[in-house]
Each structure stands twice: as C-alpha cells, then as structure tokens.
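Asks: Provided below: final_5.txt, containing compact mmCIF, C-alpha atoms.
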```
# COMPACT_ATOMS: atom_id res chain seq x y z
CA MET B 177 18.26 -88.33 -142.21
CA ASP B 178 18.68 -87.37 -145.86
CA SER B 179 16.89 -84.10 -146.61
CA VAL B 180 15.67 -85.56 -149.93
CA ASP B 181 13.53 -88.14 -148.08
CA LEU B 182 12.70 -85.93 -145.11
CA HIS B 183 8.91 -86.16 -145.53
CA LEU B 184 9.07 -89.98 -145.43
CA ALA B 185 11.85 -90.34 -142.86
CA VAL B 186 10.05 -88.18 -140.28
CA ASP B 187 7.06 -90.52 -140.48
CA TYR B 188 9.29 -93.52 -139.74
CA VAL B 189 10.42 -92.04 -136.42
CA GLY B 190 7.10 -90.37 -135.56
CA SER B 191 6.19 -93.09 -133.07
CA SER B 192 9.30 -92.17 -131.05
CA GLY B 193 8.20 -88.58 -130.58
CA ALA B 194 10.51 -87.11 -133.24
CA ILE B 195 7.80 -85.04 -134.92
CA LEU B 196 7.84 -81.92 -137.08
CA ASN B 197 4.65 -79.99 -137.68
CA PRO B 198 3.59 -79.46 -141.35
CA GLU B 199 4.94 -75.87 -141.40
CA GLN B 200 8.37 -76.92 -140.08
CA LYS B 201 8.55 -79.85 -142.49
CA ALA B 202 7.71 -77.68 -145.51
CA ALA B 203 10.15 -74.96 -144.46
CA LEU B 204 12.96 -77.47 -143.92
CA MET B 205 12.44 -79.20 -147.25
CA ASN B 206 12.78 -75.87 -149.06
CA SER B 207 15.58 -74.29 -147.02
CA LEU B 208 17.77 -77.42 -147.01
CA VAL B 209 17.69 -77.53 -150.82
CA ILE B 210 18.85 -73.90 -150.87
CA LEU B 211 21.53 -74.66 -148.24
CA LYS B 212 22.83 -77.52 -150.39
CA ASP B 213 22.96 -75.45 -153.59
CA GLU B 214 24.53 -72.37 -152.01
CA ASN B 215 27.34 -74.36 -150.39
CA LYS B 216 27.71 -76.88 -153.23
CA PHE B 217 27.29 -79.83 -150.86
CA HIS B 218 27.05 -83.39 -152.12
CA LYS B 219 24.25 -84.04 -149.62
CA VAL B 220 22.51 -82.29 -146.73
CA TYR B 221 21.16 -84.19 -143.72
CA PHE B 222 18.62 -83.09 -141.16
CA TRP B 223 20.47 -83.94 -137.93
CA GLY B 224 17.69 -83.18 -135.46
CA LYS B 225 16.46 -80.69 -132.92
CA ILE B 226 17.81 -79.55 -129.55
CA LEU B 227 15.10 -78.29 -127.25
CA GLY B 228 15.77 -75.04 -125.43
CA ILE B 229 13.89 -73.21 -122.68
CA LYS B 230 13.00 -70.16 -124.78
CA ASP B 231 13.63 -71.49 -128.28
CA ASN B 232 14.70 -74.65 -130.13
CA TYR B 233 17.65 -75.31 -132.41
CA PHE B 234 17.09 -77.17 -135.69
CA ILE B 235 20.35 -78.79 -136.84
CA ALA B 236 21.50 -79.72 -140.34
CA GLN B 237 24.80 -81.06 -141.69
CA GLY B 238 26.24 -80.74 -145.17
CA VAL B 239 28.79 -83.16 -146.64
CA SER B 240 31.00 -83.24 -149.71
CA SER B 241 32.32 -86.34 -151.51
CA ASP B 242 33.79 -87.82 -148.29
CA GLU B 243 30.74 -88.18 -146.04
CA LEU B 244 32.72 -89.08 -142.93
CA ALA B 245 35.44 -86.43 -142.95
CA ASP B 246 34.00 -83.40 -144.72
CA ARG B 247 31.02 -82.42 -142.58
CA LYS B 248 29.79 -78.92 -141.71
CA THR B 249 27.12 -78.18 -139.12
CA PHE B 250 24.43 -75.49 -139.29
CA TYR B 251 21.69 -74.37 -136.90
CA SER B 252 18.40 -72.55 -137.35
CA LYS B 253 15.63 -71.37 -135.07
CA ASP B 254 12.98 -70.92 -137.77
CA CYS B 255 13.82 -73.74 -140.25
CA THR B 256 14.60 -71.08 -142.85
CA LYS B 257 17.74 -69.11 -141.99
CA TRP B 258 20.87 -71.12 -141.22
CA GLY B 259 24.03 -70.18 -139.30
CA LEU B 260 27.32 -72.07 -139.56
CA LEU B 261 28.74 -73.52 -136.33
CA ALA B 262 32.49 -73.49 -135.79
CA PRO B 263 34.08 -76.97 -135.43
CA ALA B 264 34.19 -78.07 -131.80
CA THR B 265 37.78 -78.23 -130.58
CA GLN B 266 38.79 -80.44 -127.66
CA ALA B 267 39.31 -77.36 -125.48
CA MET B 268 35.86 -76.08 -126.43
CA ARG B 269 34.29 -79.43 -125.51
CA GLU B 270 35.97 -79.57 -122.11
CA GLN B 271 34.92 -76.02 -121.28
CA SER B 272 31.35 -76.59 -122.49
CA LYS B 273 30.93 -79.43 -119.99
CA LEU B 274 31.09 -76.80 -117.24
CA ALA B 275 27.77 -75.31 -118.42
CA LYS B 276 24.90 -76.88 -116.49
CA GLY B 277 21.19 -77.18 -117.19
CA ARG B 278 19.09 -76.85 -120.33
CA PHE B 279 19.96 -74.83 -123.39
CA ILE B 280 18.35 -71.40 -123.38
CA GLY B 281 17.78 -71.09 -127.13
CA ASP B 282 19.90 -67.96 -127.62
CA PRO B 283 23.30 -68.51 -129.35
CA SER B 284 24.74 -65.34 -127.78
CA TYR B 285 23.79 -66.35 -124.23
CA GLU B 286 26.77 -66.76 -121.89
CA TYR B 287 26.99 -69.25 -119.02
CA GLU B 288 29.23 -68.45 -116.08
CA HIS B 289 31.12 -71.07 -114.11
CA THR B 290 33.04 -70.10 -110.98
CA GLU B 291 35.99 -72.14 -109.73
CA ILE B 292 37.93 -71.74 -106.49
CA LYS B 293 41.67 -71.93 -107.02
CA LYS B 294 44.12 -72.31 -104.14
CA THR B 295 47.53 -70.70 -104.29
CA ALA B 296 50.36 -71.15 -101.80
CA ASP B 297 52.04 -68.03 -100.43
CA GLY B 298 54.73 -69.23 -98.06
CA GLU B 299 52.99 -71.12 -95.26
CA GLU B 300 49.61 -69.57 -96.05
CA THR B 301 47.13 -70.80 -98.64
CA GLN B 302 44.97 -68.27 -100.43
CA GLU B 303 41.75 -68.94 -102.30
CA GLU B 304 40.86 -67.03 -105.45
CA GLU B 305 37.69 -67.13 -107.49
CA GLU B 306 38.01 -67.58 -111.24
CA THR B 307 34.97 -67.10 -113.49
CA ILE B 308 34.84 -68.94 -116.82
CA THR B 309 32.42 -67.77 -119.52
CA ILE B 310 30.93 -70.28 -121.99
CA LYS B 311 28.98 -69.12 -125.04
CA GLU B 312 25.87 -71.15 -125.84
CA GLU B 313 26.92 -71.29 -129.51
CA ASP B 314 30.15 -73.07 -128.51
CA ARG B 315 28.25 -75.38 -126.19
CA LEU B 316 25.83 -76.21 -129.00
CA ALA B 317 28.68 -77.15 -131.37
CA SER B 318 30.31 -79.27 -128.64
CA VAL B 319 27.16 -81.18 -127.71
CA ILE B 320 26.37 -81.92 -131.36
CA ALA B 321 29.89 -83.30 -131.82
CA GLU B 322 29.60 -85.43 -128.66
CA ILE B 323 26.23 -86.89 -129.68
CA GLY B 324 27.50 -87.57 -133.19
CA GLU B 325 30.52 -89.49 -131.93
CA ASP B 326 28.62 -91.40 -129.24
CA VAL B 327 25.45 -92.55 -131.00
CA PHE B 328 25.01 -91.65 -134.69
CA ILE B 329 25.01 -94.99 -136.52
CA ILE B 330 24.60 -96.71 -139.92
CA PRO B 331 23.85 -100.30 -141.02
CA ARG B 332 26.82 -102.47 -141.95
CA GLY B 333 27.59 -102.18 -145.66
CA ALA B 334 25.69 -98.93 -146.18
CA PHE B 335 28.97 -97.06 -146.74
CA VAL B 336 32.23 -98.15 -148.34
CA LYS B 337 35.79 -96.91 -147.94
CA GLN B 338 37.36 -96.31 -151.34
CA SER B 339 41.01 -96.99 -152.15
CA THR B 340 41.54 -93.22 -151.94
CA GLY B 341 40.37 -93.28 -148.32
CA GLU B 342 37.09 -91.47 -149.06
CA VAL B 343 33.94 -92.80 -147.40
CA GLN B 344 30.92 -92.85 -149.70
CA LYS B 345 27.46 -94.42 -149.84
CA ASN B 346 27.45 -97.99 -151.14
CA ARG B 347 25.29 -98.09 -154.27
CA CYS B 348 25.11 -101.88 -154.00
CA PHE B 349 23.65 -101.85 -150.49
CA GLU B 350 20.19 -103.45 -150.51
CA GLY B 351 19.54 -103.43 -146.79
CA LEU B 352 20.14 -105.92 -144.00
CA ASN B 353 18.05 -109.07 -143.94
CA VAL B 354 15.77 -109.63 -140.96
CA THR B 355 18.25 -111.89 -139.16
CA GLU B 356 21.12 -109.42 -139.54
CA ALA B 357 18.90 -106.48 -138.62
CA ALA B 358 18.22 -108.05 -135.20
CA LYS B 359 21.92 -108.00 -134.22
CA LEU B 360 23.74 -105.01 -132.70
CA GLY B 361 26.86 -106.16 -134.54
CA SER B 362 25.17 -105.19 -137.81
CA TYR B 363 25.28 -101.49 -136.94
CA PHE B 364 28.34 -99.22 -136.90
CA HIS B 365 29.22 -95.86 -135.36
CA PHE B 366 29.57 -93.31 -138.15
CA ARG B 367 32.83 -91.73 -136.92
CA ASP B 368 36.50 -92.62 -136.99
CA ALA B 369 37.09 -96.07 -135.51
CA VAL B 370 38.39 -96.32 -131.93
CA ASN B 371 37.68 -99.87 -130.72
CA LEU B 372 38.51 -101.47 -134.08
CA ASN B 373 42.14 -100.40 -133.80
CA LYS B 374 42.39 -102.17 -130.44
CA LYS B 375 41.41 -105.57 -131.88
CA SER B 376 44.09 -108.18 -132.54
CA LEU B 377 45.15 -109.20 -136.06
CA LEU B 378 43.33 -112.51 -135.54
CA GLU B 379 40.07 -110.71 -134.66
CA ARG B 380 40.40 -108.53 -137.77
CA ALA B 381 41.35 -111.37 -140.11
CA ASP B 382 37.82 -112.05 -141.37
CA LEU B 383 36.79 -108.39 -141.71
CA ASP B 384 36.10 -106.82 -145.07
CA LYS B 385 38.31 -103.71 -145.17
CA GLY B 386 35.94 -102.00 -147.58
CA ILE B 387 32.94 -102.04 -145.23
CA ASP B 388 34.25 -103.10 -141.79
CA PHE B 389 36.26 -99.96 -141.13
CA LEU B 390 34.06 -98.60 -138.31
CA ASP B 391 33.28 -99.60 -134.71
CA SER B 392 30.42 -102.02 -134.08
CA LEU B 393 27.70 -101.32 -131.52
CA GLU B 394 28.31 -104.71 -129.88
CA ASP B 395 31.57 -103.32 -128.47
CA ASP B 396 29.86 -100.35 -126.77
CA GLU B 397 30.25 -99.81 -123.05
CA PRO B 398 28.26 -99.98 -120.89
CA LYS B 399 26.43 -102.99 -122.29
CA GLY B 400 22.70 -102.43 -122.64
CA SER B 401 22.96 -98.82 -123.79
CA TRP B 402 20.86 -99.58 -126.89
CA SER B 403 17.23 -100.64 -127.30
CA LEU B 404 16.51 -102.58 -130.51
CA GLN B 405 12.90 -103.27 -131.53
CA PHE B 406 10.92 -104.41 -134.57
CA GLU B 407 7.70 -102.48 -135.11
CA LYS B 408 4.71 -104.78 -135.46
CA GLY B 409 3.14 -104.87 -138.90
CA SER B 410 5.73 -102.80 -140.78
CA GLY B 411 8.80 -104.84 -139.78
CA LEU B 412 10.68 -101.56 -139.31
CA VAL B 413 13.79 -101.78 -137.09
CA ILE B 414 14.11 -99.05 -134.49
CA LEU B 415 17.20 -98.48 -132.34
CA ARG B 416 17.07 -96.00 -129.46
CA SER B 417 20.01 -94.75 -127.47
CA LEU B 418 19.68 -94.89 -123.68
CA LEU B 419 22.81 -92.77 -123.32
CA TRP B 420 21.51 -89.79 -125.29
CA LEU B 421 17.76 -90.02 -124.81
CA GLY B 422 16.07 -88.69 -127.91
CA TYR B 423 18.30 -90.33 -130.51
CA VAL B 424 16.38 -92.70 -132.83
CA PHE B 425 17.66 -94.77 -135.77
CA TYR B 426 15.42 -96.63 -138.25
CA HIS B 427 16.05 -99.19 -141.00
CA VAL B 428 13.74 -101.04 -143.37
CA PRO B 429 15.19 -104.59 -143.73
CA GLY B 430 15.72 -105.64 -147.34
CA MET B 431 15.75 -102.05 -148.55
CA ASN B 432 18.34 -99.28 -148.85
CA ARG B 433 16.33 -97.14 -146.49
CA PHE B 434 17.70 -95.96 -143.16
CA GLY B 435 18.28 -92.79 -141.21
CA SER B 436 18.37 -91.24 -137.77
CA VAL B 437 17.49 -88.11 -135.86
CA TYR B 438 18.06 -86.63 -132.43
CA VAL B 439 15.31 -84.68 -130.66
CA GLY B 440 16.13 -83.91 -127.06
CA THR B 441 17.53 -81.46 -124.54
CA GLY B 442 21.19 -82.11 -125.37
CA GLU B 443 21.88 -83.61 -121.93
CA ILE B 444 23.63 -86.95 -121.52
CA ASN B 445 21.98 -89.63 -119.37
CA LYS B 446 24.49 -89.80 -116.48
CA ASP B 447 22.30 -92.29 -114.61
CA LEU B 448 22.62 -94.99 -117.30
CA PRO B 449 25.47 -96.99 -115.64
CA PHE B 450 23.43 -97.19 -112.42
CA ALA B 451 20.23 -98.20 -114.22
CA LEU B 452 21.79 -101.16 -116.06
```
Now that the file is in, can you turn its structure into structure tokens?
Replies:
Amino acid sequence: MDSVDLHLAVDYVGSSGAILNPEQKAALMNSLVILKDENKFHKVYFWGKILGIKDNYFIAQGVSSDELADRKTFYSKDCTKWGLLAPATQAMREQSKLAKGRFIGDPSYEYEHTEIKKTADGEETQEEEETITIKEEDRLASVIAEIGEDVFIIPRGAFVKQSTGEVQKNRCFEGLNVTEAAKLGSYFHFRDAVNLNKKSLLERADLDKGIDFLDSLEDDEPKGSWSLQFEKGSGLVILRSLLWLGYVFYHVPGMNRFGSVYVGTGEINKDLPFAL
C-alpha cells in the first residue's frame, strides 16, 4: 500500500486483522517519507509485517520510475530505522527453504540444516554429515520475494506499459466497475508474466498490450487459492490469498483506490492443495 495513503489504507484492511497501533502508524508515516527522500524514490510502499517469535519485521519497498523492475526492499523492527535487504538470488531462495519454523526476529540469527551425503569408496558406501548455515536476513529477503511473486496483485488497467518498456501507474485508471471487480480475471500478478507467454497467438489476439502484459489470477493453480468478497455496506472488494495466509488486497470499485498488505508468519500454506 502507498505510504502516502497509509492511514486510510490500513483502515480498509483492518477487518482482516492487518492492524497497526497508533504509535506504529505515526512512526511509519514519518520514517517512510524520510526513506523516500533519502533514496530519491519515486514512491515508497508499506509491504507488510512478518511476525517473529521474539520480534517482528516491518517491510517497505521503494521504487523508481519503473515500478515493476526497479524495486528495493527494506526492513525495520521499530518502524523508524530501516535496513536494506540484498536481492534474493535463486541460490539464496533454494537454501532458505531448508530453514524450518517461524522467524526469530533477529537478522543475524543463523539456522543450521544437516544433510547426510553418501559417498562410494570402492564397494563400501560412507555417510558424511554436511551442515548448511542460513542467515535469517537472507531467509527474510527470500520469503519476501516468494510472496511478492506468488500473490501481490493489482487491478487490471491500474498500470500501463510504456513504449520504452517502463511500467508506470495509469493516470486514467478510474477503478473497476462492480461487475468487473467480481471477476478474478480482472486482477493481475504484479511481477513479470509467466503464464501469458504460454498462451497461443489466438488467445492473445484480443489483449491490449498496454495493460494486459501481466498474468491473470484466473490462470492460477491450484484453482480456489483466492477468496473474493464484497464487504456489506461499503461495497469494498477484498481478496485474500489462501496460499500465503495473511495477504489481503482491497479495491474500491469506481475509484482509483487499491492496495495490499501481508501480515503473517512468512510460512506458505502447504496444506492448500489437500484442502481444495
């Protein structure tokens, strides 16, 4: 959610349990402005909060002119001081999956994973123990990247792809109408397209290249991994991920007002395929 509208956006998702106390909200609104100015970002977004055993991580992301490609991630434990996270490489992500259980809340904490490796020595097979160390800071960066790719979404038309290839907010976007807002196909993953490139030329014939350059939620597997609801009275659209429990997206139909936040333990719901 945009840090400029943080005070309002937090209220939209309050019914889903994504709540900041008044002190945290005030501290974030001030520190995110400073973070934006110091790094000369185009915008700063409050990404969410990962709950640890001893402490929590508040996450923010800064973007430049290209909101899809140029994105830097920061973490804080007091909503005031921010530390930059290194980009999560593929090797870092694979290794981080070996760390089990909740986050501790200490970036310097090290998880240990022991593997048994078998080596052949003639006719005999020997077993050797190999211990792999994973820093919590690397695990944090990896989990944030995974959640971002899996579930962070936008309404169709909210962003446009310029002729230069840059992805920017669409100033002409006035929100989805109520009918469109009720369809999963009206929401896109905000990351480089994967499923779109697998579609045939015939399937892509009617797409608008300027706004239909991302993957639609209706192509997600497994089916049923999203919960879409209209809040009574306000007409607010709420989408919740069942894959990463704690991710909430909101949109006000007919208005250029939308956003999302993740508040959870940073653990994927591995039981989802069996529950559907």
Asks: Can you pull out the residues contacting Glu322 of chain B? Cut-off 12 Å, using all atoms listed in the file, and skip same-chain residues under 4 positions away; I want them as a list of chain:residue names.
Replies: B:Pro263, B:Ala264, B:Thr265, B:Gln266, B:Met268, B:Arg269, B:Glu270, B:Ser272, B:Lys273, B:Arg315, B:Leu316, B:Ala317, B:Ser318, B:Asp326, B:Val327, B:Phe328, B:Arg367, B:Leu419, B:Trp420, B:Gly442, B:Glu443, B:Ile444
Asks: Here is a test: counting all atoms listed in the file, which residue of B:Ile229, B:Val439, B:Val180, B:Leu208 is nearest to Ile280 of chain B?
Replies: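 Closest residue, counting all atoms listed in the file: B:Ile229.
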Asks: Using only C-alpha atoms, which of the listed residues (B:Glu313, B:Glu305, B:Glu350, B:Asp231) sits closest to Gly281 of chain B?
Replies: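 Smallest separation from Gly281 of chain B among the options: B:Asp231.
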Asks: Excluding same-chain residues fewer than 5 positions from Ser284 of chain B, what lies within 10 Å of it counting only C-alpha atoms, as a ChimeraX atom specification?
Replies: /B:310-314
Asks: May I ask which of the residues B:Glu243, B:Asp388, B:Glu304, B:Asp382 is the closest one to Val220 of chain B, counting all atoms listed in the file?
Replies: B:Glu243
Asks: Give me the residues near Asp384 of chain B as an NGL selection string, where near means some atom within 12 Å (using only C-alpha atoms) and where sequence neighbours in that chain fewer than 3 positions away do not count.
Replies: :B and (332-333 or 336-337 or 379-381 or 387-390)
Asks: With only C-alpha atoms as the basis for distance, which of B:Pro331, B:Lys399, B:Glu300, B:Thr340 is at the shortest distance from Tyr426 of chain B?
Replies: B:Pro331
Asks: Work out how far atom CA of His183 of chain B is from atom CA of Glu356 of chain B, in Å to one decimal.
Replies: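 Distance between the two atoms: 26.9 Å.
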Asks: One decimal, Å: what's the distance from atom CA of Glu288 of chain B over to atom CA of Gln271 of chain B, could you say?
Replies: 10.8 Å
Asks: For a quick check of your reading of the model, name the residues lying within 8 Å of the coordinate (20.3, -86.9, -140.0), counting all atoms listed in the file, and write them as a list of chain:residue names.
Replies: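 Residues close enough to count: B:Met177, B:Asp178, B:Ser179, B:Tyr221, B:Phe222, B:Trp223, B:Gly224, B:Ala236, B:Gln237, B:Gly435, B:Ser436, B:Val437, B:Tyr438.
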Asks: Nearest to Gly341 of chain B among B:Ala321, B:Leu261, B:Leu244, B:Glu407, with distances taken over only C-alpha atoms: which residue is it?
Replies: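 The shortest atom-to-atom distance to Gly341 of chain B comes from B:Leu244.
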Asks: As lines of an AutoDock Vina configuration file, what would the box around segment 403-406 of chain B look like: edges along x, y and z, 3 Å added on every side, centre and edge lengths in Å to one decimal?
Replies:
```
center_x = 14.1
center_y = -102.5
center_z = -130.9
size_x = 12.3
size_y = 9.8
size_z = 13.3
```
Asks: Distance atom CA of Asp447 of chain B-atom CA of Lys374 of chain B, one decimal place?
Replies: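 Those two atoms sit 27.4 Å apart.
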Asks: Which residue gives the smallest distance to His218 of chain B among B:Lys345, B:Gln338, B:Ser410, B:Thr290, with all atoms listed in the file counted?
Replies: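 Using all atoms listed in the file, His218 of chain B sits closest to B:Lys345.
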Asks: Might you pull out every residue within 9 Å of segment 411-415 of chain B, with all atoms listed in the file counted and same-chain residues fewer than 3 positions away left off, and present them as a PyMOL selection string?
Replies: chain B and resi 188-189+354+357-358+402-408+423-429
Asks: Give me the residues near Arg247 of chain B as a list in words, where near means some atom within 10 Å (using all atoms listed in the file) and where sequence neighbours in that chain fewer than 5 positions away do not count.
Replies: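 Near Arg247 of chain B, the qualifying residues are Phe217, Lys219, Val220, Gln237, Gly238, Val239, Ser240, Ser241, Asp242 and Pro263 of chain B.
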Asks: May I have the residues from that selection written out with C-alpha atoms, as an mmCIF file, in the coordinates of the input?
Replies:
```cif
data_model
loop_
_atom_site.group_PDB
_atom_site.id
_atom_site.type_symbol
_atom_site.label_atom_id
_atom_site.label_comp_id
_atom_site.auth_asym_id
_atom_site.auth_seq_id
_atom_site.Cartn_x
_atom_site.Cartn_y
_atom_site.Cartn_z
ATOM 1 C CA PHE B 217 27.290 -79.830 -150.860
ATOM 2 C CA LYS B 219 24.250 -84.040 -149.620
ATOM 3 C CA VAL B 220 22.510 -82.290 -146.730
ATOM 4 C CA GLN B 237 24.800 -81.060 -141.690
ATOM 5 C CA GLY B 238 26.240 -80.740 -145.170
ATOM 6 C CA VAL B 239 28.790 -83.160 -146.640
ATOM 7 C CA SER B 240 31.000 -83.240 -149.710
ATOM 8 C CA SER B 241 32.320 -86.340 -151.510
ATOM 9 C CA ASP B 242 33.790 -87.820 -148.290
ATOM 10 C CA PRO B 263 34.080 -76.970 -135.430
#
```
